[in-house]
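Colleague: If you scroll down you'll find the structure; I have some questions about it.
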Amino acid sequence: MANRFPLIVDADNTNIKELPSGDNLDLTGNDALFGDNDKAIFGAGSDLSVYHDGSNSYISEAGAGNLIMGAGAALLIKNAALDENLLTAYQNGAVTLYHNNSAKLATTSTGIDVTGAVTADGLTVDGNTTFNQGSGDSVNIFRSTDYATLKIGANATDHFYLQEFGSNDLYLARVNSSVGTYSAKF
């Protein structure tokens, strides 16, 4: 049996205590089997461990450093069957989050792309904004140095409605700090 080397084991011959200096453990064609809660431990201070507790699997970085994952072309996180994407991250490209294997949030070279509804507790937008409702219908909000504009509709035949659905009054107001407030009640 060429290329075999002696192992130093414990008194019961059940655990490998160490390999001779400079030798590697070659498991080519074989598996390293670990029982539940048995850990593959790396680092002088047991910094990194990989294990399964009977229900869940863990990769634990307990050292002073970070857990860094690197990938050549892409990092793909998939379900256990490996047939659904959970997250994809492409080098020099998009990072995409999935729900039920359907892309929902993706980074782009200009920002993000969201597929589906967005529920948020606030929104701050810097710069001019366009909200599209499909078929070319849009709402544009923009500001120049002299005025602010709200444009609704795609052309001159589109209608603009303000509607109050309760029993309150609807006001349009112009506020000018030097001359006061002008308003119209409907």
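The way I read the labels, and the way they are meant: chains A, B, ... in the order of the structure tokens, residue 1 as the first residue of every chain, and ligand 1 as the first ligand shown, with later ones counted on from there.
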Using only C-alpha atoms, determine which residues lie at most 12 Å from Gln163 (chain A), disregarding the query and same-chain residues fewer than 5 positions distant; provide the list as JSON, numbers by chain.
Modeller: {"A": [168, 169, 170, 171, 172, 186]}
Colleague: Please identify all polymer residues within 12 Å of region 67-79 of chain A, counting only C-alpha atoms, omitting same-chain residues fewer than 4 positions from it, and present them as JSON, numbers by chain.
Modeller: {"A": [47, 48, 49, 59, 60, 61, 62, 63, 83, 84, 85, 86, 87, 88, 89, 90, 91, 92, 93, 94, 95, 96, 97, 98, 99, 100, 101]}
Colleague: Please give the complete set of residues from region 1-136 of chain A that DSSP, run on the backbone, assigns to strand (DSSP E), formatted as a PDB file with C-alpha atoms, in the first residue's frame.
Modeller:
```pdb
ATOM      1  CA  ILE A   8      -1.030   8.644  15.885  1.00  0.00           C
ATOM      2  CA  VAL A   9      -4.251   7.548  17.586  1.00  0.00           C
ATOM      3  CA  ILE A  16      -6.767  10.333  15.287  1.00  0.00           C
ATOM      4  CA  LYS A  17      -4.652  12.458  17.601  1.00  0.00           C
ATOM      5  CA  GLU A  18      -2.288  13.867  14.985  1.00  0.00           C
ATOM      6  CA  LYS A  39     -17.637  19.142  14.617  1.00  0.00           C
ATOM      7  CA  ALA A  40     -15.034  19.723  11.963  1.00  0.00           C
ATOM      8  CA  ILE A  41     -12.983  22.386  13.760  1.00  0.00           C
ATOM      9  CA  PHE A  42     -10.451  24.696  12.159  1.00  0.00           C
ATOM     10  CA  LEU A  48     -14.369  27.860  12.750  1.00  0.00           C
ATOM     11  CA  SER A  49     -16.610  24.848  13.142  1.00  0.00           C
ATOM     12  CA  VAL A  50     -18.960  22.992  10.821  1.00  0.00           C
ATOM     13  CA  TYR A  51     -21.462  20.609  12.337  1.00  0.00           C
ATOM     14  CA  HIS A  52     -24.997  19.177  12.400  1.00  0.00           C
ATOM     15  CA  SER A  57     -26.601  22.423  10.176  1.00  0.00           C
ATOM     16  CA  TYR A  58     -24.164  25.133  11.265  1.00  0.00           C
ATOM     17  CA  ILE A  59     -21.123  27.009  10.055  1.00  0.00           C
ATOM     18  CA  SER A  60     -19.877  28.953  13.052  1.00  0.00           C
ATOM     19  CA  GLU A  61     -17.101  31.582  13.029  1.00  0.00           C
ATOM     20  CA  ALA A  74     -21.107  33.435  -8.793  1.00  0.00           C
ATOM     21  CA  LEU A  75     -22.206  32.637  -5.257  1.00  0.00           C
ATOM     22  CA  LEU A  76     -25.466  30.684  -5.290  1.00  0.00           C
ATOM     23  CA  ILE A  77     -27.478  29.840  -2.181  1.00  0.00           C
ATOM     24  CA  LYS A  78     -30.100  27.211  -2.944  1.00  0.00           C
ATOM     25  CA  ASN A  85     -32.569  29.801  -5.821  1.00  0.00           C
ATOM     26  CA  LEU A  86     -32.664  31.657  -2.512  1.00  0.00           C
ATOM     27  CA  LEU A  87     -29.906  34.168  -3.333  1.00  0.00           C
ATOM     28  CA  THR A  88     -27.598  34.623  -6.306  1.00  0.00           C
ATOM     29  CA  ALA A  89     -24.590  36.937  -6.386  1.00  0.00           C
ATOM     30  CA  TYR A  90     -22.630  37.341  -9.621  1.00  0.00           C
ATOM     31  CA  VAL A  95     -27.275  40.228  -6.416  1.00  0.00           C
ATOM     32  CA  THR A  96     -30.802  38.794  -6.437  1.00  0.00           C
ATOM     33  CA  LEU A  97     -33.068  37.684  -3.596  1.00  0.00           C
ATOM     34  CA  TYR A  98     -35.784  35.133  -4.337  1.00  0.00           C
ATOM     35  CA  HIS A  99     -39.132  34.145  -2.839  1.00  0.00           C
ATOM     36  CA  SER A 102     -39.099  33.926  -8.062  1.00  0.00           C
ATOM     37  CA  ALA A 103     -36.737  36.928  -8.233  1.00  0.00           C
ATOM     38  CA  LYS A 104     -38.052  39.742  -6.012  1.00  0.00           C
ATOM     39  CA  LEU A 105     -35.163  42.159  -5.364  1.00  0.00           C
ATOM     40  CA  ALA A 106     -32.130  42.563  -7.602  1.00  0.00           C
ATOM     41  CA  THR A 107     -29.298  45.049  -7.706  1.00  0.00           C
ATOM     42  CA  THR A 108     -28.592  46.678 -11.065  1.00  0.00           C
ATOM     43  CA  GLY A 111     -29.789  50.840  -8.339  1.00  0.00           C
ATOM     44  CA  ILE A 112     -32.317  48.102  -7.598  1.00  0.00           C
ATOM     45  CA  ASP A 113     -35.165  46.354  -9.394  1.00  0.00           C
ATOM     46  CA  VAL A 114     -38.151  45.184  -7.363  1.00  0.00           C
ATOM     47  CA  THR A 129     -39.257  60.778  -9.792  1.00  0.00           C
ATOM     48  CA  THR A 130     -41.572  58.956 -12.191  1.00  0.00           C
ATOM     49  CA  PHE A 131     -44.179  56.411 -11.093  1.00  0.00           C
ATOM     50  CA  ASN A 132     -45.377  54.243 -13.987  1.00  0.00           C
TER      51      ASN A 132
END
```
Colleague: Kindly give the distance, in Å, that separates CA of Asp38 (chain A) and CA of Leu82 (chain A), rounded to a single decimal.
Modeller: 24.7 Å
Colleague: Distance CA of Asp146 (chain A)-CA of Val125 (chain A), one decimal place?
Modeller: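 So the two atoms, CA of Asp146 (chain A) and CA of Val125 (chain A), lie 19.2 Å apart.
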Colleague: Skip Leu150 (chain A) itself and residues of its chain fewer than 3 positions away, then list as a ChimeraX atom specification all residues within 7 Å of it, counting only C-alpha atoms.
Modeller: /A:140-142
Colleague: Now that the selection is made, can you save its residues with N, CA and C atoms as a short mmCIF file (atom, residue, chain, number, x, y, z; two decimals), in the first residue's frame?
Modeller:
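Now in out18.cif:
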```
data_model
loop_
_atom_site.label_atom_id
_atom_site.label_comp_id
_atom_site.auth_asym_id
_atom_site.auth_seq_id
_atom_site.Cartn_x
_atom_site.Cartn_y
_atom_site.Cartn_z
N ASN A 140 -45.27 62.13 -12.65
CA ASN A 140 -43.93 62.68 -12.56
C ASN A 140 -43.90 63.76 -11.49
N ILE A 141 -42.92 63.72 -10.66
CA ILE A 141 -42.70 64.76 -9.66
C ILE A 141 -41.28 65.25 -9.86
N PHE A 142 -41.14 66.54 -10.13
CA PHE A 142 -39.79 67.07 -10.27
C PHE A 142 -39.71 68.49 -9.76
#
```
